[in-house]
Amino acid sequence: MTVQDIRTILRLTHEQGLSVREIGLRLKLSKTTVATYLLRAREAGLNCWPLPSERDNDTTLEAALFQRMGRPARDLHEPDWAKVSTELKRKGVTLVLLWQEYRAAHPDGYGYTWFCEQFRAFENRTSPSFRNRHEAGAVMQTDYAGHTIPVTDPATGAVHQAQIFVAVLGASNYTFAWASLTQTLPDWIEAQVRALKFFRGVPKAIVCDNLKAAVVKPLWFEPAINQTFADMATHYDTTVLPTRPRKPRDKGKVEGAVLIVERWILARLRNMQFFSVAALNITLAELLAEMNDRPMRRIGRSRRELFEDIERPALRDLPPEPFEYAEWKQAKVHADYHVDVLHSFYSVPHRLIGKKVDIRLTHRMVEVFHNHARVAVHTRRGTRGGHSTVKEHMPKAHQRHGGMTPEYLIIRAGRVGYHVAVLVERLMRDRPHPEQGYRSSLGVLSLERRFGKDRLEAACDRALTHNTVSYVSVKSILVTGLDKAAIDPATITPTPRHDNIRGAAYYQ
């Protein structure tokens, strides 16, 4: 409807005397619409035609008919929309509550409908791509920036591209950045732990990208999280929520934070040269503090101010101890009741021989689990090779499945040959516990099926002559055919004299 249409309704009514129905048919309007405008005209004192001169223009006529409707006068108190947006991020705060507080302070202020409409308009102006209003303390979003920083090794001159990890809190946009040489699991976990320490609290959830080091299976409904990453989340009592593949809007906050870090921090480092990641992180921390203290243009407050005001109180406290990085592996318990962990051997209860166990490996400890119960703990060995054996893990009579004992193995080896028996005895005698030589002894005896008794006896004789007593050495002699060659006396390593070395008659 236009003002001219309203003039036509008044003219047809008062000048030509048409009914409401006839006017509606002529102007193609409903009877209710025509009757409504006539009612407004009567209430405004315009029940005549022609109209009085002081009301005979579009502006005054519209004001007279619609004085009870329309937008409130602009002299009313306008809410501080930036403050409303900030308060709305607090837990339990709603628009209704904020409007009620506004009206309590300004009884003649705007109504609730107009209050909501103007707040939505403010949000669209400040964040056109707005999708989710993050509650304070609800989420920390993390990702790696696409931009890297070169770091030069001063010793070799090699240049490595440092990866930039970025974390941001949803409600305050408080941002953290950290540099590492790789995006592997150890660096990923360290960056997460440092971010939580920087924020001085724990959010309800961590939203991350589908990084291969962190997410085993990137399924939307049931994603499989890396065991170490899951342990970290359990330690901090939070939840890991991987985003959908190729859906950057699922973590829009950190996507925006990465862009700001790249433009505001990394771009300033383009002409600088770094010789260590530590030096790079010191510079990053200085620029990051400056960025977090800088007021945001549309909000008028800094990220740090918003963090301290609304986000920090909503975060849960950090645990007393930081998370200790640990990797998980799976192994099968050998016949000597030890498991192989990075070429070192650790004992478990002998009842688990032949079963699969889970191993949690930290830089200090080795923990062995079976059916989710911890069955063994060892201090991690600093060197490759060797055995770590707990006495309680050994059977009382050194029994094994099938009645295996050191005496049984020596007798079995004596049936093959004298030198085989001596070598088997040496394999078990040279270790802290005889059981640790079971596997090597069984390996030597198994070579009989492939090469025969005579060749195995000759190979063991050669191994003992050169004092290379091991399964690998015996097998190498047989594979290369050295057991068939004559022994050069000049290469013979004399057998050391010892009271425990038995003579040939013992094995007859």
# chains A, B, ... in the order shown; residues from 1 in each chain; ligands from 1
call {"tool": "residues_around", "arguments": {"residues": "Glu87 of chain A", "least_positions_apart": "5", "cutoff": "10 Å", "atoms": "only C-alpha atoms", "output": "short mmCIF file (atom, residue, chain, number, x, y, z; two decimals) with C-alpha atoms, in the first residue's frame"}}
result
data_model
loop_
_atom_site.label_atom_id
_atom_site.label_comp_id
_atom_site.auth_asym_id
_atom_site.auth_seq_id
_atom_site.Cartn_x
_atom_site.Cartn_y
_atom_site.Cartn_z
CA TRP A 81 25.63 -4.02 20.99
CA ALA A 82 29.31 -4.99 21.38
CA GLY A 92 23.41 -19.24 30.79
CA VAL A 93 23.00 -15.69 29.42
CA THR A 94 20.16 -15.20 26.89
CA LEU A 95 18.84 -12.32 24.81
CA LEU A 98 19.85 -8.94 28.47
CA ALA A 136 32.96 -19.22 26.95
CA ASP A 309 36.82 -11.17 31.42
CA ILE A 310 34.67 -13.97 30.04
#
call {"tool": "residues_around", "arguments": {"residues": "Ser470 of chain A", "least_positions_apart": "5", "cutoff": "12 Å", "atoms": "only C-alpha atoms", "output": "ChimeraX atom specification"}}
result
/A:420,422-428,430-431,437-445,459-460,462-464,475-477
call {"tool": "residues_around", "arguments": {"residues": "His134 of chain A", "least_positions_apart": "4", "cutoff": "8 Å", "atoms": "only C-alpha atoms", "output": "short mmCIF file (atom, residue, chain, number, x, y, z; two decimals) with C-alpha atoms, in the first residue's frame"}}
result
data_model
loop_
_atom_site.label_atom_id
_atom_site.label_comp_id
_atom_site.auth_asym_id
_atom_site.auth_seq_id
_atom_site.Cartn_x
_atom_site.Cartn_y
_atom_site.Cartn_z
CA LYS A 89 28.87 -15.63 25.35
CA ALA A 138 33.49 -24.48 25.44
CA VAL A 139 36.04 -25.10 22.72
CA GLY A 170 36.09 -19.75 20.62
CA ALA A 171 34.51 -17.00 22.72
#
call {"tool": "residues_around", "arguments": {"residues": "segment 269-284 of chain A", "least_positions_apart": "6", "cutoff": "8 Å", "atoms": "only C-alpha atoms", "output": "list in words"}}
result
Ile149, Pro150, Val151, Thr152, Asp153, Pro154, Ala162, Ala177, Trp178, Ala179, Ser180 and Leu181 of chain A
call {"tool": "atom_distance", "arguments": {"atom1": "atom CA of Thr243 of chain A", "atom2": "atom CA of Gln141 of chain A"}}
result
10.0 Å
call {"tool": "closest_residue", "arguments": {"among": "A:Lys31, A:Arg42, A:Arg90, A:Lys204", "to": "Ala233 of chain A", "atoms": "only C-alpha atoms"}}
result
A:Lys204
call {"tool": "closest_residue", "arguments": {"among": "A:Leu306, A:Ala155, A:Trp114, A:Pro322", "to": "Val193 of chain A", "atoms": "only C-alpha atoms"}}
result
A:Pro322
call {"tool": "select_by_dssp", "arguments": {"residues": "segment 208-432 of chain A", "states": "alpha helix (DSSP H)", "output": "ChimeraX atom specification"}}
result
/A:227-235,252-264,277-293,303-306,406-414,418-429
call {"tool": "residues_around", "arguments": {"residues": "Val215 of chain A", "least_positions_apart": "6", "cutoff": "12 Å", "atoms": "only C-alpha atoms", "output": "PyMOL selection string"}}
result
chain A and resi 184-185+188+207-209+222-230+240-245
call {"tool": "residues_around", "arguments": {"residues": "Asn47 of chain A", "least_positions_apart": "2", "cutoff": "12 Å", "atoms": "only C-alpha atoms", "output": "number ranges by chain"}}
result
A: 7, 9-11, 13-15, 37-45, 49-52, 65
call {"tool": "write_last_selection", "arguments": {"atoms": "N, CA and C atoms", "output": "short mmCIF file (atom, residue, chain, number, x, y, z; two decimals), in the first residue's frame"}}
result
data_model
loop_
_atom_site.label_atom_id
_atom_site.label_comp_id
_atom_site.auth_asym_id
_atom_site.auth_seq_id
_atom_site.Cartn_x
_atom_site.Cartn_y
_atom_site.Cartn_z
N ARG A 7 -5.31 7.60 -0.02
CA ARG A 7 -6.09 8.76 -0.48
C ARG A 7 -7.29 8.29 -1.31
N ILE A 9 -8.88 5.40 -1.14
CA ILE A 9 -9.89 4.80 -0.26
C ILE A 9 -10.73 5.88 0.41
N LEU A 10 -10.07 6.94 0.93
CA LEU A 10 -10.81 8.02 1.59
C LEU A 10 -11.71 8.75 0.59
N ARG A 11 -11.25 8.99 -0.62
CA ARG A 11 -12.04 9.71 -1.62
C ARG A 11 -13.26 8.90 -2.03
N THR A 13 -14.77 6.63 -0.41
CA THR A 13 -15.70 6.46 0.71
C THR A 13 -16.50 7.72 0.96
N HIS A 14 -15.84 8.88 1.09
CA HIS A 14 -16.52 10.10 1.51
C HIS A 14 -17.04 10.93 0.35
N GLU A 15 -16.46 10.78 -0.83
CA GLU A 15 -16.94 11.59 -1.95
C GLU A 15 -17.96 10.85 -2.79
N TYR A 37 -7.80 0.69 7.19
CA TYR A 37 -7.34 2.04 6.88
C TYR A 37 -8.41 3.08 7.18
N LEU A 38 -9.68 2.74 6.97
CA LEU A 38 -10.75 3.67 7.31
C LEU A 38 -10.82 3.88 8.82
N LEU A 39 -10.61 2.80 9.60
CA LEU A 39 -10.60 2.92 11.05
C LEU A 39 -9.46 3.84 11.52
N ARG A 40 -8.30 3.66 10.92
CA ARG A 40 -7.17 4.52 11.29
C ARG A 40 -7.46 5.99 10.97
N ALA A 41 -8.12 6.20 9.83
CA ALA A 41 -8.44 7.59 9.46
C ALA A 41 -9.42 8.21 10.44
N ARG A 42 -10.46 7.46 10.87
CA ARG A 42 -11.42 7.98 11.85
C ARG A 42 -10.72 8.30 13.16
N GLU A 43 -9.81 7.40 13.63
CA GLU A 43 -9.11 7.64 14.89
C GLU A 43 -8.19 8.86 14.81
N ALA A 44 -7.72 9.15 13.58
CA ALA A 44 -6.85 10.31 13.40
C ALA A 44 -7.64 11.58 13.12
N GLY A 45 -8.99 11.50 13.10
CA GLY A 45 -9.82 12.68 12.84
C GLY A 45 -9.88 13.06 11.38
N TRP A 49 -13.65 14.28 3.25
CA TRP A 49 -12.94 14.51 1.97
C TRP A 49 -13.47 15.80 1.35
N PRO A 50 -12.62 16.68 0.90
CA PRO A 50 -11.15 16.59 0.86
C PRO A 50 -10.53 16.73 2.24
N LEU A 51 -9.29 16.39 2.34
CA LEU A 51 -8.58 16.43 3.61
C LEU A 51 -8.24 17.85 3.98
N PRO A 52 -8.10 18.11 5.28
CA PRO A 52 -7.68 19.45 5.71
C PRO A 52 -6.32 19.79 5.10
N LEU A 65 -1.73 8.63 10.29
CA LEU A 65 -2.32 7.29 10.26
C LEU A 65 -1.48 6.24 11.01
#
call {"tool": "residues_around", "arguments": {"residues": "Ala373 of chain A", "least_positions_apart": "4", "cutoff": "10 Å", "atoms": "only C-alpha atoms", "output": "ChimeraX atom specification"}}
result
/A:357-358,368-369
call {"tool": "atom_distance", "arguments": {"atom1": "atom CA of Ala167 of chain A", "atom2": "atom CA of Phe199 of chain A"}}
result
9.7 Å
call {"tool": "select_by_dssp", "arguments": {"residues": "segment 91-199 of chain A", "states": "strand (DSSP E)", "output": "list in words"}}
result
Val139, Met140, Gln141, Thr142, Asp143, Tyr144, Ile149, Pro150, Val151, Thr152, Val159, His160, Gln161, Ala162, Gln163, Ile164, Phe165, Val166, Ala167, Val168, Leu169, Thr175, Phe176, Ala177, Trp178, Ala179 and Ser180 of chain A
call {"tool": "write_last_selection", "arguments": {"atoms": "N, CA, C and O atoms", "output": "CSV table (one decimal), in the first residue's frame"}}
result
chain,number,residue,atom,x,y,z
A,139,VAL,N,35.3,-24.4,23.8
A,139,VAL,CA,36.0,-25.1,22.7
A,139,VAL,C,37.4,-24.4,22.5
A,139,VAL,O,37.5,-23.2,22.6
A,140,MET,N,38.4,-25.2,22.2
A,140,MET,CA,39.7,-24.7,21.7
A,140,MET,C,39.9,-25.4,20.3
A,140,MET,O,39.9,-26.6,20.2
A,141,GLN,N,40.0,-24.6,19.3
A,141,GLN,CA,40.2,-25.1,17.9
A,141,GLN,C,41.7,-25.0,17.6
A,141,GLN,O,42.4,-24.0,17.9
A,142,THR,N,42.3,-26.1,17.0
A,142,THR,CA,43.7,-26.1,16.7
A,142,THR,C,43.9,-26.5,15.2
A,142,THR,O,43.1,-27.3,14.7
A,143,ASP,N,45.0,-26.1,14.7
A,143,ASP,CA,45.4,-26.4,13.3
A,143,ASP,C,46.8,-25.9,13.0
A,143,ASP,O,47.4,-25.1,13.8
A,144,TYR,N,47.4,-26.4,11.9
A,144,TYR,CA,48.7,-25.9,11.5
A,144,TYR,C,48.5,-24.9,10.3
A,144,TYR,O,47.6,-25.0,9.5
A,149,ILE,N,58.2,-21.3,8.2
A,149,ILE,CA,59.3,-20.4,8.4
A,149,ILE,C,60.6,-21.2,8.3
A,149,ILE,O,60.8,-22.2,9.0
A,150,PRO,N,61.6,-20.8,7.5
A,150,PRO,CA,62.8,-21.5,7.3
A,150,PRO,C,63.7,-21.3,8.5
A,150,PRO,O,63.9,-20.2,9.1
A,151,VAL,N,64.3,-22.4,9.0
A,151,VAL,CA,65.2,-22.5,10.1
A,151,VAL,C,66.5,-23.1,9.6
A,151,VAL,O,66.5,-24.2,9.1
A,152,THR,N,67.6,-22.4,9.8
A,152,THR,CA,68.9,-22.9,9.3
A,152,THR,C,69.7,-23.6,10.4
A,152,THR,O,69.9,-23.0,11.5
A,159,VAL,N,68.6,-26.2,5.7
A,159,VAL,CA,67.4,-25.4,6.0
A,159,VAL,C,66.2,-26.3,6.2
A,159,VAL,O,65.9,-27.1,5.3
A,160,HIS,N,65.5,-26.1,7.3
A,160,HIS,CA,64.3,-26.9,7.6
A,160,HIS,C,63.2,-25.9,7.7
A,160,HIS,O,63.3,-24.8,8.2
A,161,GLN,N,62.0,-26.3,7.2
A,161,GLN,CA,60.8,-25.5,7.3
A,161,GLN,C,60.0,-25.8,8.5
A,161,GLN,O,59.5,-26.9,8.8
A,162,ALA,N,60.0,-24.8,9.4
A,162,ALA,CA,59.3,-24.9,10.7
A,162,ALA,C,57.8,-24.8,10.5
A,162,ALA,O,57.3,-24.0,9.8
A,163,GLN,N,57.1,-25.7,11.1
A,163,GLN,CA,55.6,-25.8,11.0
A,163,GLN,C,55.0,-24.9,12.2
A,163,GLN,O,55.5,-25.0,13.3
A,164,ILE,N,54.0,-24.1,11.9
A,164,ILE,CA,53.4,-23.2,12.8
A,164,ILE,C,52.1,-23.7,13.3
A,164,ILE,O,51.1,-23.8,12.5
A,165,PHE,N,52.0,-24.1,14.6
A,165,PHE,CA,50.8,-24.6,15.2
A,165,PHE,C,50.0,-23.4,15.8
A,165,PHE,O,50.6,-22.5,16.4
A,166,VAL,N,48.7,-23.4,15.5
A,166,VAL,CA,47.8,-22.3,16.0
A,166,VAL,C,46.7,-22.8,16.8
A,166,VAL,O,46.0,-23.8,16.3
A,167,ALA,N,46.4,-22.3,17.9
A,167,ALA,CA,45.2,-22.6,18.7
A,167,ALA,C,44.5,-21.4,19.1
A,167,ALA,O,45.1,-20.3,19.4
A,168,VAL,N,43.1,-21.4,19.2
A,168,VAL,CA,42.3,-20.3,19.5
A,168,VAL,C,41.1,-20.7,20.4
A,168,VAL,O,40.6,-21.8,20.1
A,169,LEU,N,40.8,-19.9,21.3
A,169,LEU,CA,39.6,-20.1,22.1
A,169,LEU,C,38.4,-19.5,21.4
A,169,LEU,O,38.5,-18.3,20.9
A,175,THR,N,44.6,-16.2,21.1
A,175,THR,CA,45.3,-17.0,20.2
A,175,THR,C,46.7,-17.4,20.7
A,175,THR,O,47.3,-16.7,21.4
A,176,PHE,N,47.1,-18.6,20.4
A,176,PHE,CA,48.4,-19.2,20.7
A,176,PHE,C,49.0,-19.7,19.4
A,176,PHE,O,48.4,-20.2,18.6
A,177,ALA,N,50.4,-19.5,19.3
A,177,ALA,CA,51.1,-20.0,18.2
A,177,ALA,C,52.4,-20.6,18.7
A,177,ALA,O,53.0,-20.1,19.6
A,178,TRP,N,52.9,-21.7,18.0
A,178,TRP,CA,54.1,-22.4,18.4
A,178,TRP,C,54.7,-23.0,17.2
A,178,TRP,O,54.0,-23.5,16.3
A,179,ALA,N,56.0,-23.0,17.1
A,179,ALA,CA,56.8,-23.6,16.0
A,179,ALA,C,57.4,-24.9,16.3
A,179,ALA,O,57.9,-25.0,17.5
A,180,SER,N,57.4,-25.8,15.4
A,180,SER,CA,58.1,-27.1,15.6
A,180,SER,C,58.6,-27.5,14.2
A,180,SER,O,58.2,-27.0,13.2
